[in-house]
file entry_24.cif (mmCIF, C-alpha atoms)
data_data
#
loop_
_atom_site.label_atom_id
_atom_site.label_comp_id
_atom_site.auth_asym_id
_atom_site.auth_seq_id
_atom_site.Cartn_x
_atom_site.Cartn_y
_atom_site.Cartn_z
CA MET M 1 18.31 37.55 -0.69
CA GLN M 2 15.98 34.58 -0.26
CA LYS M 3 17.58 32.04 2.07
CA CYS M 4 17.73 28.40 1.03
CA LEU M 5 15.93 26.68 3.90
CA ILE M 6 15.38 23.15 2.60
CA ALA M 7 17.26 20.50 0.62
CA ALA M 8 16.98 20.66 -3.16
CA ASP M 9 15.51 17.17 -3.49
CA ILE M 10 12.81 17.95 -0.91
CA ALA M 11 12.01 21.16 -2.79
CA ASP M 12 11.63 19.09 -5.97
CA ALA M 13 9.42 16.60 -4.12
CA MET M 14 7.19 19.40 -2.86
CA ALA M 15 6.88 20.84 -6.35
CA ASN M 16 5.72 17.43 -7.55
CA ALA M 17 3.61 16.68 -4.50
CA SER M 18 1.21 13.78 -4.44
CA TRP M 19 -1.79 14.27 -6.71
CA ILE M 20 -3.80 12.39 -4.07
CA ARG M 21 -3.24 15.04 -1.42
CA ARG M 22 -3.57 17.82 -3.98
CA MET M 23 -7.03 16.64 -5.00
CA PHE M 24 -8.01 15.96 -1.38
CA GLU M 25 -7.23 19.59 -0.53
CA ALA M 26 -9.20 20.71 -3.57
CA GLY M 27 -12.11 18.69 -2.23
CA ASN M 28 -11.87 20.46 1.13
CA GLU M 29 -12.05 23.82 -0.61
CA LEU M 30 -15.02 22.66 -2.67
CA ARG M 31 -16.83 21.57 0.48
CA ARG M 32 -16.22 24.98 1.99
CA THR M 33 -17.67 26.84 -0.99
CA ARG M 34 -20.46 24.50 -2.09
CA GLY M 35 -21.36 22.59 1.05
CA ALA M 36 -20.38 19.05 2.00
CA ASP M 37 -23.61 17.54 0.64
CA LYS M 38 -22.72 18.70 -2.89
CA VAL M 39 -19.22 17.19 -2.98
CA PHE M 40 -18.41 13.56 -3.87
CA ASP M 41 -14.82 12.98 -2.79
CA PHE M 42 -13.14 9.80 -4.09
CA SER M 43 -9.56 11.02 -3.65
CA LEU M 44 -8.17 9.61 -0.41
CA GLY M 45 -8.06 5.95 0.64
CA ASN M 46 -9.13 6.55 4.23
CA PRO M 47 -10.98 3.44 5.50
CA ASP M 48 -14.19 4.55 7.20
CA VAL M 49 -15.74 1.18 8.11
CA PRO M 50 -15.51 0.88 11.92
CA PRO M 51 -12.92 -1.44 13.49
CA PRO M 52 -14.23 -4.84 14.67
CA ALA M 53 -16.60 -4.53 17.64
CA LYS M 54 -14.11 -6.37 19.85
CA ALA M 55 -11.83 -3.32 19.64
CA ARG M 56 -13.97 -1.48 22.21
CA ASP M 57 -13.41 -4.05 24.96
CA VAL M 58 -9.72 -4.35 24.08
CA LEU M 59 -9.25 -0.58 24.35
CA HIS M 60 -10.94 -0.49 27.75
CA ALA M 61 -8.60 -3.22 28.98
CA LEU M 62 -5.59 -1.40 27.55
CA ALA M 63 -6.58 1.76 29.41
CA ASP M 64 -6.36 -0.12 32.72
CA ASP M 65 -3.04 -1.71 31.74
CA ALA M 66 -1.51 1.58 30.61
CA VAL M 67 -1.38 3.13 34.08
CA ARG M 68 0.92 0.49 35.56
CA PRO M 69 4.69 1.25 35.72
CA CYS M 70 6.14 1.29 32.18
CA GLY M 71 2.72 0.50 30.79
CA LEU M 72 3.47 2.89 27.96
CA GLY M 73 7.25 2.59 28.12
CA TYR M 74 9.98 1.48 25.76
CA MET M 75 10.10 -2.04 24.34
CA PRO M 76 12.48 -4.04 22.12
CA ASN M 77 12.97 -2.07 18.91
CA ALA M 78 11.67 -4.96 16.80
CA GLY M 79 8.33 -4.86 18.63
CA LEU M 80 6.54 -6.46 21.56
CA PRO M 81 7.73 -10.08 21.84
CA GLU M 82 4.20 -11.45 22.37
CA PHE M 83 2.88 -9.58 19.35
CA ARG M 84 5.76 -10.73 17.14
CA ALA M 85 5.25 -14.35 18.21
CA ASN M 86 1.51 -14.25 17.54
CA LEU M 87 2.00 -12.39 14.27
CA ALA M 88 4.53 -14.99 13.13
CA GLU M 89 2.01 -17.75 13.86
CA HIS M 90 -0.63 -15.80 11.89
CA LEU M 91 1.69 -15.36 8.91
CA ARG M 92 2.87 -18.98 8.78
CA SER M 93 -0.29 -20.16 7.07
CA GLU M 94 -0.98 -16.91 5.21
CA GLN M 95 2.48 -16.92 3.59
CA ALA M 96 2.94 -20.73 3.48
CA VAL M 97 6.16 -20.55 5.51
CA PRO M 98 5.64 -23.03 8.38
CA ASN M 99 9.00 -22.29 10.06
CA LEU M 100 8.51 -18.51 10.27
CA THR M 101 9.21 -17.19 13.77
CA ALA M 102 9.25 -13.90 15.62
CA ALA M 103 12.97 -13.66 14.91
CA GLN M 104 12.25 -12.98 11.23
CA LEU M 105 9.76 -10.18 12.02
CA THR M 106 10.16 -6.47 12.65
CA VAL M 107 7.13 -4.43 13.70
CA THR M 108 7.12 -1.04 11.96
CA VAL M 109 5.33 2.30 11.89
CA GLY M 110 2.82 1.21 9.27
CA ALA M 111 3.52 -0.34 5.88
CA ALA M 112 5.09 2.95 4.79
CA GLY M 113 7.55 2.74 7.67
CA ALA M 114 8.29 -0.85 6.66
CA LEU M 115 9.12 0.24 3.11
CA VAL M 116 11.35 3.09 4.25
CA THR M 117 13.10 0.79 6.72
CA PHE M 118 13.69 -1.88 4.09
CA PHE M 119 15.03 0.59 1.53
CA ARG M 120 17.36 2.15 4.11
CA THR M 121 18.68 -1.30 4.93
CA VAL M 122 19.40 -2.66 1.44
CA LEU M 123 19.85 0.26 -0.99
CA GLU M 124 23.07 1.93 -2.06
CA ARG M 125 22.95 5.22 -3.97
CA GLY M 126 22.06 4.53 -7.60
CA ASP M 127 20.34 1.19 -6.93
CA GLU M 128 17.16 0.57 -8.91
CA VAL M 129 13.75 -0.45 -7.58
CA LEU M 130 11.56 -1.99 -10.29
CA VAL M 131 7.82 -1.55 -9.82
CA PRO M 132 4.86 -2.54 -11.98
CA SER M 133 3.10 0.58 -13.24
CA PRO M 134 0.69 2.16 -12.36
CA TYR M 135 1.91 2.28 -8.76
CA PHE M 136 1.47 4.12 -5.46
CA VAL M 137 3.26 7.41 -6.00
CA GLU M 138 4.99 7.57 -2.60
CA TYR M 139 7.19 4.61 -3.58
CA GLY M 140 9.48 6.99 -5.46
CA PHE M 141 9.97 9.15 -2.38
CA TYR M 142 10.50 6.20 -0.06
CA CYS M 143 13.43 4.78 -2.04
CA GLY M 144 14.64 8.19 -3.25
CA HIS M 145 15.47 9.29 0.29
CA PHE M 146 18.40 6.85 0.19
CA GLY M 147 19.53 7.41 -3.39
CA GLY M 148 17.37 4.67 -4.87
CA ILE M 149 15.87 5.10 -8.33
CA LEU M 150 12.29 3.97 -8.91
CA LYS M 151 11.98 2.33 -12.34
CA PRO M 152 8.34 1.77 -13.43
CA VAL M 153 7.54 -1.16 -15.74
CA PRO M 154 4.03 -1.09 -17.31
CA MET M 155 1.59 -3.86 -16.47
CA LYS M 156 -0.12 -5.49 -19.42
CA GLY M 157 -3.65 -5.62 -20.77
CA PRO M 158 -6.87 -3.99 -19.63
CA GLU M 159 -6.79 -6.02 -16.42
CA PHE M 160 -3.31 -4.72 -15.46
CA ALA M 161 -1.70 -8.15 -15.24
CA LEU M 162 1.88 -8.56 -14.05
CA ASP M 163 4.21 -8.45 -17.09
CA VAL M 164 6.94 -10.83 -15.98
CA LYS M 165 8.89 -10.63 -19.25
CA ALA M 166 8.95 -6.84 -19.16
CA LEU M 167 10.09 -6.82 -15.52
CA LEU M 168 12.94 -9.21 -16.25
CA ALA M 169 13.93 -7.25 -19.35
CA ALA M 170 14.24 -4.13 -17.16
CA VAL M 171 16.71 -5.78 -14.76
CA THR M 172 20.22 -4.30 -14.79
CA ASP M 173 23.34 -4.69 -12.67
CA ARG M 174 21.94 -1.95 -10.40
CA THR M 175 18.57 -3.62 -9.81
CA ARG M 176 18.21 -4.29 -6.08
CA VAL M 177 14.46 -4.65 -5.42
CA ILE M 178 11.41 -5.71 -7.38
CA LEU M 179 8.52 -4.10 -5.51
CA LEU M 180 5.13 -5.80 -5.84
CA ASN M 181 1.75 -4.57 -4.61
CA SER M 182 -1.16 -7.00 -4.77
CA PRO M 183 -4.05 -6.28 -4.40
CA ASN M 184 -2.85 -3.25 -6.26
CA ASN M 185 -3.27 0.43 -5.54
CA PRO M 186 -4.53 2.04 -7.83
CA THR M 187 -5.93 -0.67 -10.14
CA GLY M 188 -7.38 -3.27 -7.78
CA ALA M 189 -5.57 -6.00 -9.75
CA VAL M 190 -4.59 -9.24 -8.00
CA TYR M 191 -1.45 -10.90 -9.38
CA THR M 192 -1.76 -14.58 -10.28
CA GLU M 193 0.20 -17.34 -8.60
CA ALA M 194 1.58 -18.43 -11.98
CA ASP M 195 3.01 -14.96 -12.71
CA LEU M 196 4.47 -14.60 -9.23
CA ARG M 197 6.02 -18.06 -9.35
CA ALA M 198 7.55 -17.39 -12.79
CA LEU M 199 9.02 -14.13 -11.52
CA ALA M 200 10.41 -15.80 -8.39
CA GLU M 201 12.05 -18.60 -10.36
CA ALA M 202 13.73 -16.05 -12.63
CA VAL M 203 14.88 -13.96 -9.65
CA ASN M 204 16.31 -17.07 -7.98
CA ALA M 205 18.23 -17.91 -11.16
CA LEU M 206 19.58 -14.37 -11.47
CA ASN M 207 20.63 -14.28 -7.83
CA ALA M 208 22.70 -17.43 -8.27
CA THR M 209 25.10 -15.29 -10.32
CA ARG M 210 24.94 -12.01 -8.35
CA GLU M 211 26.94 -10.90 -5.33
CA ARG M 212 24.23 -8.38 -4.38
CA PRO M 213 20.93 -10.24 -4.82
CA ILE M 214 17.63 -8.85 -6.05
CA PHE M 215 14.91 -8.84 -3.39
CA MET M 216 11.26 -9.54 -4.15
CA LEU M 217 9.45 -7.17 -1.79
CA SER M 218 5.69 -7.63 -1.52
CA ASP M 219 3.64 -4.69 -0.16
CA GLU M 220 0.35 -6.19 1.09
CA PRO M 221 -1.76 -3.71 3.12
CA TYR M 222 -4.86 -4.72 1.11
CA ARG M 223 -4.39 -8.49 1.35
CA VAL M 224 -7.78 -9.22 2.97
CA PHE M 225 -9.65 -7.10 0.37
CA ALA M 226 -10.22 -9.79 -2.27
CA PHE M 227 -13.58 -10.22 -4.00
CA ASP M 228 -15.43 -12.42 -6.50
CA GLY M 229 -13.59 -15.50 -5.29
CA ALA M 230 -10.15 -14.02 -5.85
CA THR M 231 -7.29 -15.29 -3.70
CA VAL M 232 -4.07 -13.40 -3.01
CA PRO M 233 -1.15 -15.82 -3.48
CA PRO M 234 1.62 -15.77 -0.87
CA VAL M 235 4.95 -14.35 -2.01
CA LEU M 236 7.23 -15.01 0.98
CA SER M 237 7.40 -18.76 0.31
CA LEU M 238 8.34 -18.34 -3.38
CA SER M 239 11.94 -17.26 -2.91
CA PRO M 240 14.58 -17.07 -0.18
CA TYR M 241 15.04 -13.49 -1.37
CA ALA M 242 11.37 -12.59 -0.82
CA ALA M 243 10.20 -10.31 1.96
CA VAL M 244 6.65 -9.33 2.76
CA LEU M 245 5.29 -6.29 4.52
CA GLY M 246 1.82 -5.28 5.54
CA SER M 247 -0.21 -3.27 8.00
CA PHE M 248 -3.45 -3.22 9.95
CA SER M 249 -4.49 0.20 8.65
CA LYS M 250 -7.10 -1.16 6.26
CA SER M 251 -7.88 -4.65 7.52
CA LEU M 252 -8.74 -3.38 11.03
CA SER M 253 -9.39 0.31 10.21
CA LEU M 254 -6.43 1.32 12.36
CA ALA M 255 -4.78 3.69 9.88
CA GLY M 256 -4.03 6.31 12.53
CA GLU M 257 -2.30 3.83 14.82
CA ARG M 258 0.43 3.12 12.22
CA ILE M 259 1.13 -0.56 12.88
CA GLY M 260 2.90 -2.55 10.18
CA TYR M 261 5.55 -5.25 9.85
CA ILE M 262 8.29 -6.76 7.69
CA ALA M 263 8.88 -10.52 7.47
CA VAL M 264 11.96 -12.05 5.85
CA ASN M 265 12.22 -15.64 4.68
CA PRO M 266 13.99 -17.99 7.15
CA ALA M 267 15.27 -19.87 4.08
CA LEU M 268 17.51 -16.91 3.19
CA GLU M 269 21.15 -17.63 3.96
CA GLY M 270 22.16 -14.91 6.42
CA TRP M 271 18.61 -13.89 7.30
CA GLU M 272 19.84 -13.11 10.82
CA THR M 273 21.98 -10.27 9.44
CA LEU M 274 19.11 -8.84 7.39
CA ALA M 275 16.65 -9.05 10.29
CA ALA M 276 19.08 -7.38 12.68
CA ALA M 277 19.80 -4.65 10.14
CA LEU M 278 16.09 -3.98 9.63
CA THR M 279 15.65 -3.56 13.38
CA MET M 280 18.61 -1.18 13.52
CA SER M 281 17.28 0.88 10.59
CA ASN M 282 13.86 0.96 12.19
CA ARG M 283 15.45 2.41 15.34
CA THR M 284 17.94 4.82 13.80
CA LEU M 285 15.49 6.31 11.32
CA GLY M 286 13.85 7.73 14.43
CA TYR M 287 10.89 5.36 14.61
CA VAL M 288 12.51 3.66 17.66
CA ASN M 289 9.52 1.32 17.88
CA ALA M 290 5.97 1.16 16.60
CA PRO M 291 3.27 2.60 18.94
CA ILE M 292 2.73 0.34 21.93
CA LEU M 293 -1.05 0.73 22.18
CA GLY M 294 -1.42 0.00 18.47
CA GLN M 295 0.69 -3.14 18.80
CA LYS M 296 -1.36 -4.39 21.74
CA LEU M 297 -4.60 -3.60 19.94
CA ALA M 298 -3.50 -5.36 16.74
CA ASN M 299 -2.27 -8.34 18.78
CA ALA M 300 -5.70 -8.78 20.35
CA LEU M 301 -7.44 -8.44 16.97
CA LEU M 302 -5.17 -10.62 14.80
CA ASP M 303 -8.01 -12.96 13.86
CA GLU M 304 -10.51 -10.15 13.26
CA ARG M 305 -11.19 -7.99 10.23
CA VAL M 306 -13.54 -5.22 9.19
CA ASP M 307 -16.85 -6.02 7.50
CA LEU M 308 -15.75 -6.70 3.92
CA SER M 309 -19.34 -6.97 2.70
CA VAL M 310 -19.65 -3.20 3.12
CA TYR M 311 -16.67 -2.64 0.83
CA ASP M 312 -17.99 -5.16 -1.69
CA ALA M 313 -21.38 -3.43 -1.86
CA ARG M 314 -19.66 -0.11 -2.49
CA ARG M 315 -17.48 -1.70 -5.17
CA ARG M 316 -20.54 -2.95 -7.00
CA ALA M 317 -22.32 0.39 -6.66
CA MET M 318 -19.29 2.22 -8.09
CA ALA M 319 -19.16 -0.20 -11.01
CA GLU M 320 -22.82 0.51 -11.78
CA VAL M 321 -22.27 4.28 -11.67
CA LEU M 322 -19.21 4.17 -13.94
CA SER M 323 -20.84 1.77 -16.39
CA ALA M 324 -23.93 3.97 -16.62
CA ALA M 325 -21.69 6.97 -17.39
CA GLY M 326 -19.97 5.07 -20.21
CA LEU M 327 -16.52 4.88 -18.62
CA ARG M 328 -14.32 1.91 -19.49
CA PHE M 329 -12.68 0.08 -16.57
CA SER M 330 -11.50 -3.30 -15.38
CA MET M 331 -13.53 -4.53 -12.43
CA PRO M 332 -11.15 -4.49 -9.43
CA ARG M 333 -10.75 -7.87 -7.77
CA GLY M 334 -9.11 -6.43 -4.67
CA ALA M 335 -8.42 -3.30 -2.58
CA PHE M 336 -10.99 -0.46 -2.81
CA TYR M 337 -10.00 1.51 -5.89
CA PHE M 338 -11.14 1.89 -9.50
CA PHE M 339 -8.84 2.98 -12.33
CA PRO M 340 -11.06 3.84 -15.32
CA GLU M 341 -9.85 5.16 -18.64
CA VAL M 342 -10.85 8.77 -19.29
CA PRO M 343 -12.68 9.99 -22.42
CA GLY M 344 -10.32 11.98 -24.62
CA GLY M 345 -7.18 10.80 -22.84
CA ASP M 346 -6.43 13.93 -20.75
CA ASP M 347 -6.78 12.83 -17.14
CA VAL M 348 -6.12 16.25 -15.62
CA ALA M 349 -8.69 17.94 -17.87
CA PHE M 350 -11.24 15.24 -17.10
CA CYS M 351 -10.65 15.67 -13.35
CA GLY M 352 -11.42 19.34 -13.91
CA ARG M 353 -14.72 18.45 -15.59
CA LEU M 354 -15.55 16.11 -12.74
CA MET M 355 -14.77 18.85 -10.23
CA GLU M 356 -17.30 21.09 -11.95
CA GLN M 357 -19.83 18.39 -10.99
CA GLY M 358 -18.53 18.28 -7.41
CA ILE M 359 -16.63 15.01 -7.97
CA ILE M 360 -13.05 14.68 -6.72
CA ALA M 361 -10.86 12.13 -8.53
CA VAL M 362 -7.08 11.74 -8.84
CA PRO M 363 -5.36 11.95 -12.26
CA GLY M 364 -3.73 8.70 -13.32
CA ARG M 365 -0.44 10.46 -14.01
CA GLY M 366 -0.11 10.71 -10.22
CA PHE M 367 0.32 6.92 -10.33
CA GLY M 368 2.62 6.85 -13.33
CA MET M 369 -0.06 6.35 -15.99
CA ALA M 370 -1.76 9.29 -17.68
CA GLY M 371 -5.11 8.80 -19.38
CA TYR M 372 -6.78 7.24 -16.34
CA ILE M 373 -8.21 8.41 -13.03
CA ARG M 374 -8.19 6.77 -9.63
CA LEU M 375 -11.38 6.62 -7.61
CA CYS M 376 -11.49 5.36 -4.02
CA SER M 377 -14.71 3.50 -3.23
CA ALA M 378 -14.07 3.57 0.55
CA VAL M 379 -16.87 6.11 0.99
CA ASP M 380 -20.51 5.90 2.01
CA ILE M 381 -22.57 4.06 -0.61
CA ASP M 382 -25.03 6.97 -0.83
CA ILE M 383 -22.19 9.27 -1.92
CA ILE M 384 -21.34 6.82 -4.69
CA ARG M 385 -24.94 6.58 -5.88
CA HIS M 386 -25.59 10.32 -5.71
CA SER M 387 -22.52 10.99 -7.86
CA ALA M 388 -24.05 9.20 -10.86
CA ASP M 389 -25.52 12.32 -12.52
CA GLY M 390 -22.20 14.14 -12.17
CA PHE M 391 -20.26 11.33 -13.83
CA ARG M 392 -22.72 11.22 -16.72
CA ALA M 393 -22.54 15.01 -17.16
CA ALA M 394 -18.73 15.02 -17.14
CA CYS M 395 -18.59 12.23 -19.70
CA ARG M 396 -20.99 14.08 -21.99
#
call {"tool": "encode", "arguments": {"input": "entry_24.cif", "output": "C-alpha cells"}}
result
Amino acid sequence: MQKCLIAADIADAMANASWIRRMFEAGNELRRTRGADKVFDFSLGNPDVPPPAKARDVLHALADDAVRPCGLGYMPNAGLPEFRANLAEHLRSEQAVPNLTAAQLTVTVGAAGALVTFFRTVLERGDEVLVPSPYFVEYGFYCGHFGGILKPVPMKGPEFALDVKALLAAVTDRTRVILLNSPNNPTGAVYTEADLRALAEAVNALNATRERPIFMLSDEPYRVFAFDGATVPPVLSLSPYAAVLGSFSKSLSLAGERIGYIAVNPALEGWETLAAALTMSNRTLGYVNAPILGQKLANALLDERVDLSVYDARRRAMAEVLSAAGLRFSMPRGAFYFFPEVPGGDDVAFCGRLMEQGIIAVPGRGFGMAGYIRLCSAVDIDIIRHSADGFRAACR
C-alpha cells in the first residue's frame, strides 16, 4: 500500500505547480539537448544586472565585521535597529508618511516572506484576499497556507488598468485583504493615483462599518522599475488600513539574500498591536529574522539602485521583436515583463510552438489569464534580438 507522506493540500499544490518553474525546467532540458546558444529563455524573473559597484566595498567591510563576537549572531526579530531606522527614513518620502518610524517596520525574508507573515497575522480560515488579475501565481499559495481564499478580479482594458468598481463589487463579509501589485507582475502596468485614491476612499468608508477591517496591502518589489516618465504612486499614505511591503531583490539585484520589509501606517488605531503581531509571526513561522549580512548590505545601499537604463534598453528591444512578429501587447510602463496576447487564443499551444523555436515563455493561465503569455525581459539584449526569427516563425 502506498503511504500518504504529504498533506493533501500540498499534494494539490504540487500537481498545479507554478507554470514559471515548469517552463524554466523545460528550458534547462532544451539547453541540454540543443545547446545554450540555441535557447532563448524568458521564463524566470531573475535579475542579472550586477548590484551597484559600491556593494563590493561594503561586502569587504562586512567580512571584517563578521569575525567579531556575535558578528553573525541573533538580532531583534523585527530586524537590525539601525537598518529599520534608516529604512523608515527612506520610506517617509517614498510613501508620503512623514511620521513613519522604525517601530512600524518589520524586516522580512524577502517580499514573499513579508506576504506570508502578513497573511499569517491577519487571516482567519475562509477569509478572502481580492487581487487584480492577472497576478503572481504564488499569491494563492501564500494566503492558502492559512486558510485564505484568493479571489481574482480582472483588470480592465488592453492596458490592464485597475478596475476599482469590479474590486468593490467583489467585496463580501469575508473580504480581509485587497492585494495590489504595482508595477505589476506579469503585465508591467502601473496603477494610477486616481484609481488608488478612489479605492482607498471606498475601503475607508467600508471599514467604518466593519469590526474586522479590510487591509489594502501593496506589494512593491518593482517600485523603482518605472519607465517613460511613469511614477508609482504611494499607497501607505492613502489609508490607515494600508500596508506596504517590498524587497531589495530587484532594485539592488540581491534576490538571493532575501531581504524585504513590511510597513504599517502609524495613523492606524492600534498599529502597535499589528506591528507586534507581525514580528511574532515573522519569528514563529521559522524565519526568526532576515539574514544579517543581507540587512547590513541593504542598509549601506539604501540610496543606490541597479542601472535601470540596461532594463529600459531591453524593454525597447523586446517591444521591437514582438511588434515585428505581429504580436499584440500593451507596452509595460514598469517592472521587466511583457504580457502579449497569443494568436489563436491557446496560450499553452503557443508556448509549445515557441519552444520548437527554442523560445521559453510562460502561459498566461499560470497568472490567472489564459490567452496570453508572460515574457521576462531581464535577459541579455542579444538574446532578445536573436529570438526575433523564432517569434516570427511561431506566429506564422
call {"tool": "resolve_selection", "arguments": {"input": "entry_24.cif", "expression": "the PyMOL selection byres ((chain M and resi 49-51) around 7)", "output": "NGL selection string"}}
result
:M and (47-48 or 52-53 or 55 or 252-253 or 306)
call {"tool": "residues_near_point", "arguments": {"input": "entry_24.cif", "point": "(-19.8, 14.6, -20.6)", "cutoff": "10 Å", "atoms": "all atoms listed in the file", "output": "count of residues only"}}
result
13
call {"tool": "residues_around", "arguments": {"input": "entry_24.cif", "residues": "stretch 185-193 of chain M", "least_positions_apart": "6", "cutoff": "7 Å", "atoms": "all atoms listed in the file", "output": "PyMOL selection string"}}
result
chain M and resi 134-136+159-162+232-233+332-339+374
call {"tool": "residues_around", "arguments": {"input": "entry_24.cif", "residues": "stretch 31-36 of chain M", "least_positions_apart": "4", "cutoff": "12 Å", "atoms": "all atoms listed in the file", "output": "VMD selection string"}}
result
chain M and resid 24 to 27 40 to 41 355 to 360 383
call {"tool": "atom_distance", "arguments": {"input": "entry_24.cif", "atom1": "atom CA of M:Gln104", "atom2": "atom CA of M:Ala243"}}
result
9.9 Å
